[in-house]
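Have a look at entry_38.txt below; it lists compact mmCIF, N, CA and C atoms.
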```txt
# COMPACT_ATOMS: atom_id res chain seq x y z
N VAL A 1 -4.41 -13.92 -4.80
CA VAL A 1 -5.72 -13.55 -4.33
C VAL A 1 -6.05 -14.44 -3.14
N VAL A 2 -6.45 -13.80 -2.06
CA VAL A 2 -6.70 -14.54 -0.82
C VAL A 2 -8.04 -14.13 -0.24
N ASP A 3 -8.78 -15.09 0.25
CA ASP A 3 -10.01 -14.85 1.00
C ASP A 3 -9.57 -14.58 2.44
N THR A 4 -9.69 -13.33 2.87
CA THR A 4 -9.17 -12.93 4.18
C THR A 4 -9.78 -13.75 5.32
N GLY A 5 -11.07 -14.00 5.25
CA GLY A 5 -11.72 -14.80 6.29
C GLY A 5 -11.18 -16.22 6.35
N ALA A 6 -10.98 -16.83 5.19
CA ALA A 6 -10.43 -18.19 5.14
C ALA A 6 -8.98 -18.20 5.63
N LEU A 7 -8.21 -17.18 5.24
CA LEU A 7 -6.82 -17.08 5.71
C LEU A 7 -6.79 -16.98 7.23
N LEU A 8 -7.63 -16.12 7.79
CA LEU A 8 -7.68 -15.98 9.26
C LEU A 8 -8.02 -17.30 9.94
N ALA A 9 -8.98 -18.01 9.36
CA ALA A 9 -9.39 -19.29 9.96
C ALA A 9 -8.22 -20.28 9.97
N GLU A 10 -7.47 -20.36 8.89
CA GLU A 10 -6.35 -21.29 8.80
C GLU A 10 -5.17 -20.85 9.68
N LEU A 11 -4.97 -19.55 9.80
CA LEU A 11 -3.94 -19.06 10.72
C LEU A 11 -4.28 -19.43 12.15
N GLU A 12 -5.54 -19.24 12.53
CA GLU A 12 -5.99 -19.58 13.89
C GLU A 12 -5.84 -21.06 14.17
N ARG A 13 -6.07 -21.90 13.16
CA ARG A 13 -5.92 -23.36 13.33
C ARG A 13 -4.46 -23.78 13.35
N GLY A 14 -3.56 -22.89 12.97
CA GLY A 14 -2.14 -23.23 12.93
C GLY A 14 -1.75 -24.01 11.68
N ARG A 15 -2.62 -24.07 10.70
CA ARG A 15 -2.33 -24.81 9.47
C ARG A 15 -1.48 -24.01 8.49
N LEU A 16 -1.48 -22.69 8.63
CA LEU A 16 -0.73 -21.84 7.73
C LEU A 16 0.05 -20.79 8.50
N VAL A 17 1.09 -20.31 7.88
CA VAL A 17 1.74 -19.07 8.28
C VAL A 17 1.75 -18.20 7.04
N ALA A 18 1.81 -16.89 7.21
CA ALA A 18 1.71 -16.01 6.04
C ALA A 18 2.57 -14.77 6.21
N ALA A 19 3.13 -14.32 5.10
CA ALA A 19 3.81 -13.03 5.02
C ALA A 19 3.02 -12.21 4.01
N LEU A 20 2.52 -11.06 4.45
CA LEU A 20 1.63 -10.25 3.61
C LEU A 20 2.20 -8.86 3.39
N ASP A 21 2.15 -8.38 2.16
CA ASP A 21 2.48 -6.97 1.94
C ASP A 21 1.29 -6.26 1.32
N VAL A 22 0.26 -7.01 0.98
CA VAL A 22 -1.01 -6.46 0.51
C VAL A 22 -2.11 -7.15 1.30
N THR A 23 -3.09 -6.40 1.72
CA THR A 23 -4.19 -6.98 2.50
C THR A 23 -5.53 -6.53 1.93
N ASP A 24 -6.56 -7.22 2.34
CA ASP A 24 -7.92 -6.82 2.01
C ASP A 24 -8.68 -6.76 3.33
N PRO A 25 -9.05 -5.58 3.77
CA PRO A 25 -8.97 -4.30 3.08
C PRO A 25 -7.56 -3.69 3.19
N GLU A 26 -7.32 -2.74 2.33
CA GLU A 26 -6.07 -1.97 2.41
C GLU A 26 -6.41 -0.50 2.32
N PRO A 27 -5.91 0.32 3.20
CA PRO A 27 -5.00 -0.05 4.27
C PRO A 27 -5.73 -0.85 5.35
N LEU A 28 -4.99 -1.69 6.01
CA LEU A 28 -5.55 -2.54 7.06
C LEU A 28 -5.86 -1.69 8.28
N PRO A 29 -7.14 -1.62 8.68
CA PRO A 29 -7.49 -0.74 9.80
C PRO A 29 -6.96 -1.25 11.14
N ALA A 30 -6.75 -0.32 12.05
CA ALA A 30 -6.34 -0.68 13.41
C ALA A 30 -7.38 -1.62 14.00
N GLY A 31 -6.93 -2.62 14.72
CA GLY A 31 -7.85 -3.55 15.35
C GLY A 31 -8.29 -4.70 14.45
N HIS A 32 -7.88 -4.69 13.18
CA HIS A 32 -8.26 -5.79 12.28
C HIS A 32 -7.64 -7.09 12.80
N PRO A 33 -8.36 -8.22 12.71
CA PRO A 33 -7.84 -9.49 13.24
C PRO A 33 -6.50 -9.93 12.65
N LEU A 34 -6.17 -9.51 11.43
CA LEU A 34 -4.87 -9.90 10.87
C LEU A 34 -3.70 -9.36 11.69
N TRP A 35 -3.87 -8.19 12.32
CA TRP A 35 -2.78 -7.62 13.11
C TRP A 35 -2.36 -8.54 14.25
N SER A 36 -3.28 -9.29 14.81
CA SER A 36 -2.96 -10.13 15.96
C SER A 36 -3.04 -11.62 15.67
N ALA A 37 -3.24 -11.99 14.41
CA ALA A 37 -3.35 -13.40 14.06
C ALA A 37 -2.01 -14.10 14.26
N PRO A 38 -2.05 -15.34 14.76
CA PRO A 38 -0.79 -16.07 14.95
C PRO A 38 -0.19 -16.46 13.60
N GLY A 39 1.13 -16.41 13.51
CA GLY A 39 1.79 -16.88 12.30
C GLY A 39 1.70 -15.95 11.11
N VAL A 40 1.43 -14.67 11.35
CA VAL A 40 1.35 -13.74 10.22
C VAL A 40 2.39 -12.64 10.39
N PHE A 41 3.02 -12.30 9.28
CA PHE A 41 4.02 -11.23 9.25
C PHE A 41 3.53 -10.23 8.21
N ILE A 42 3.28 -8.99 8.62
CA ILE A 42 2.75 -7.97 7.72
C ILE A 42 3.84 -6.92 7.49
N THR A 43 4.13 -6.67 6.22
CA THR A 43 5.13 -5.67 5.86
C THR A 43 4.43 -4.48 5.22
N PRO A 44 5.07 -3.32 5.24
CA PRO A 44 4.48 -2.17 4.54
C PRO A 44 4.48 -2.42 3.04
N HIS A 45 3.50 -1.91 2.37
CA HIS A 45 3.35 -2.11 0.93
C HIS A 45 4.31 -1.17 0.18
N VAL A 46 5.60 -1.52 0.20
CA VAL A 46 6.61 -0.67 -0.44
C VAL A 46 7.52 -1.49 -1.35
N ALA A 47 6.98 -2.52 -1.97
CA ALA A 47 7.79 -3.39 -2.81
C ALA A 47 8.40 -2.65 -3.99
N GLY A 48 7.83 -1.52 -4.37
CA GLY A 48 8.34 -0.78 -5.51
C GLY A 48 9.39 0.25 -5.15
N SER A 49 9.94 0.17 -3.94
CA SER A 49 10.94 1.15 -3.51
C SER A 49 12.31 0.73 -4.05
N THR A 50 12.69 1.32 -5.17
CA THR A 50 13.96 1.01 -5.83
C THR A 50 14.65 2.32 -6.21
N PRO A 51 15.92 2.27 -6.60
CA PRO A 51 16.57 3.50 -7.07
C PRO A 51 15.81 4.15 -8.24
N ALA A 52 15.30 3.33 -9.14
CA ALA A 52 14.55 3.88 -10.28
C ALA A 52 13.27 4.56 -9.82
N SER A 53 12.57 3.96 -8.84
CA SER A 53 11.33 4.59 -8.38
C SER A 53 11.63 5.89 -7.65
N GLY A 54 12.77 5.96 -6.96
CA GLY A 54 13.17 7.21 -6.32
C GLY A 54 13.40 8.32 -7.33
N ARG A 55 14.03 7.98 -8.46
CA ARG A 55 14.23 8.98 -9.52
C ARG A 55 12.90 9.44 -10.11
N ARG A 56 11.99 8.49 -10.32
CA ARG A 56 10.66 8.85 -10.85
C ARG A 56 9.93 9.76 -9.87
N LEU A 57 10.05 9.47 -8.59
CA LEU A 57 9.41 10.29 -7.57
C LEU A 57 9.94 11.72 -7.62
N LEU A 58 11.24 11.86 -7.73
CA LEU A 58 11.82 13.21 -7.79
C LEU A 58 11.35 13.96 -9.05
N ARG A 59 11.25 13.26 -10.18
CA ARG A 59 10.75 13.91 -11.40
C ARG A 59 9.30 14.35 -11.22
N LEU A 60 8.49 13.48 -10.59
CA LEU A 60 7.09 13.83 -10.36
C LEU A 60 6.98 15.03 -9.42
N LEU A 61 7.75 15.03 -8.34
CA LEU A 61 7.71 16.16 -7.41
C LEU A 61 8.08 17.46 -8.10
N ARG A 62 9.13 17.43 -8.91
CA ARG A 62 9.55 18.63 -9.64
C ARG A 62 8.45 19.10 -10.58
N SER A 63 7.89 18.15 -11.31
CA SER A 63 6.81 18.47 -12.25
C SER A 63 5.61 19.08 -11.53
N GLN A 64 5.22 18.48 -10.40
CA GLN A 64 4.07 18.98 -9.65
C GLN A 64 4.34 20.38 -9.09
N LEU A 65 5.55 20.59 -8.59
CA LEU A 65 5.90 21.91 -8.06
C LEU A 65 5.84 22.97 -9.16
N LEU A 66 6.39 22.64 -10.33
CA LEU A 66 6.34 23.59 -11.43
C LEU A 66 4.91 23.87 -11.87
N ARG A 67 4.07 22.83 -11.90
CA ARG A 67 2.65 23.01 -12.24
C ARG A 67 1.98 23.94 -11.23
N HIS A 68 2.23 23.68 -9.95
CA HIS A 68 1.62 24.49 -8.90
C HIS A 68 2.04 25.96 -9.04
N LEU A 69 3.33 26.18 -9.23
CA LEU A 69 3.83 27.56 -9.36
C LEU A 69 3.28 28.26 -10.59
N ALA A 70 2.96 27.48 -11.64
CA ALA A 70 2.41 28.07 -12.87
C ALA A 70 0.89 28.19 -12.80
N GLY A 71 0.28 27.76 -11.69
CA GLY A 71 -1.18 27.83 -11.56
C GLY A 71 -1.90 26.77 -12.37
N GLU A 72 -1.19 25.69 -12.74
CA GLU A 72 -1.79 24.61 -13.53
C GLU A 72 -2.35 23.53 -12.60
N GLN A 73 -3.27 22.75 -13.16
CA GLN A 73 -3.85 21.65 -12.39
C GLN A 73 -2.79 20.57 -12.19
N LEU A 74 -2.73 20.01 -10.98
CA LEU A 74 -1.78 18.96 -10.68
C LEU A 74 -2.22 17.64 -11.30
N LYS A 75 -1.25 16.78 -11.59
CA LYS A 75 -1.55 15.43 -12.09
C LYS A 75 -1.80 14.49 -10.92
N ASN A 76 -2.51 13.42 -11.18
CA ASN A 76 -2.71 12.33 -10.21
C ASN A 76 -3.45 12.77 -8.95
N VAL A 77 -4.37 13.71 -9.07
CA VAL A 77 -5.12 14.18 -7.92
C VAL A 77 -6.20 13.15 -7.58
N ILE A 78 -6.26 12.75 -6.33
CA ILE A 78 -7.26 11.79 -5.87
C ILE A 78 -8.36 12.57 -5.17
N THR A 79 -9.59 12.34 -5.57
CA THR A 79 -10.73 12.96 -4.91
C THR A 79 -11.58 11.89 -4.27
N GLY A 80 -12.36 12.25 -3.31
CA GLY A 80 -13.20 11.29 -2.62
C GLY A 80 -12.42 10.58 -1.52
N SER A 81 -12.97 9.51 -1.01
CA SER A 81 -12.31 8.79 0.09
C SER A 81 -11.42 7.71 -0.46
N TYR A 82 -10.41 7.36 0.32
CA TYR A 82 -9.48 6.29 -0.06
C TYR A 82 -9.83 5.07 0.74
```
Now, as a test, write the supplied structure out as structure tokens.
Amino acid sequence: VVDTGALLAELERGRLVAALDVTDPEPLPAGHPLWSAPGVFITPHVAGSTPASGRRLLRLLRSQLLRHLAGEQLKNVITGSY
């Protein structure tokens, strides 16, 4: 857990360097100070990309396609803003 404002202040002072794969806010908007802060490395939030997660993804896609073709409600539907 990191206080983004405090992290930015310490990065600017050169007291810290950071590698981040999760940010607050997420997704990190264009123009956010973290994008240009010195000493920060930002990676895409894909730490769960493994062979097992790929198999789960394919099972979910198949399941969702079959639900759609059967006129059933899809699982994991997100409503509202992200």
Two-atom distance - atom C of A:Val77, atom CA of A:Ser53 (Å): 19.5 Å
Which of chain A fall in helix (DSSP H, G or I), as a PyMOL selection string: chain A and resi 4-13+33-36+51-69
Non-local contacts of stretch 34-46 of chain A (6 Å; all atoms listed in the file; under 5 positions in same chain excluded) as number ranges by chain: A: 11-12, 16-22
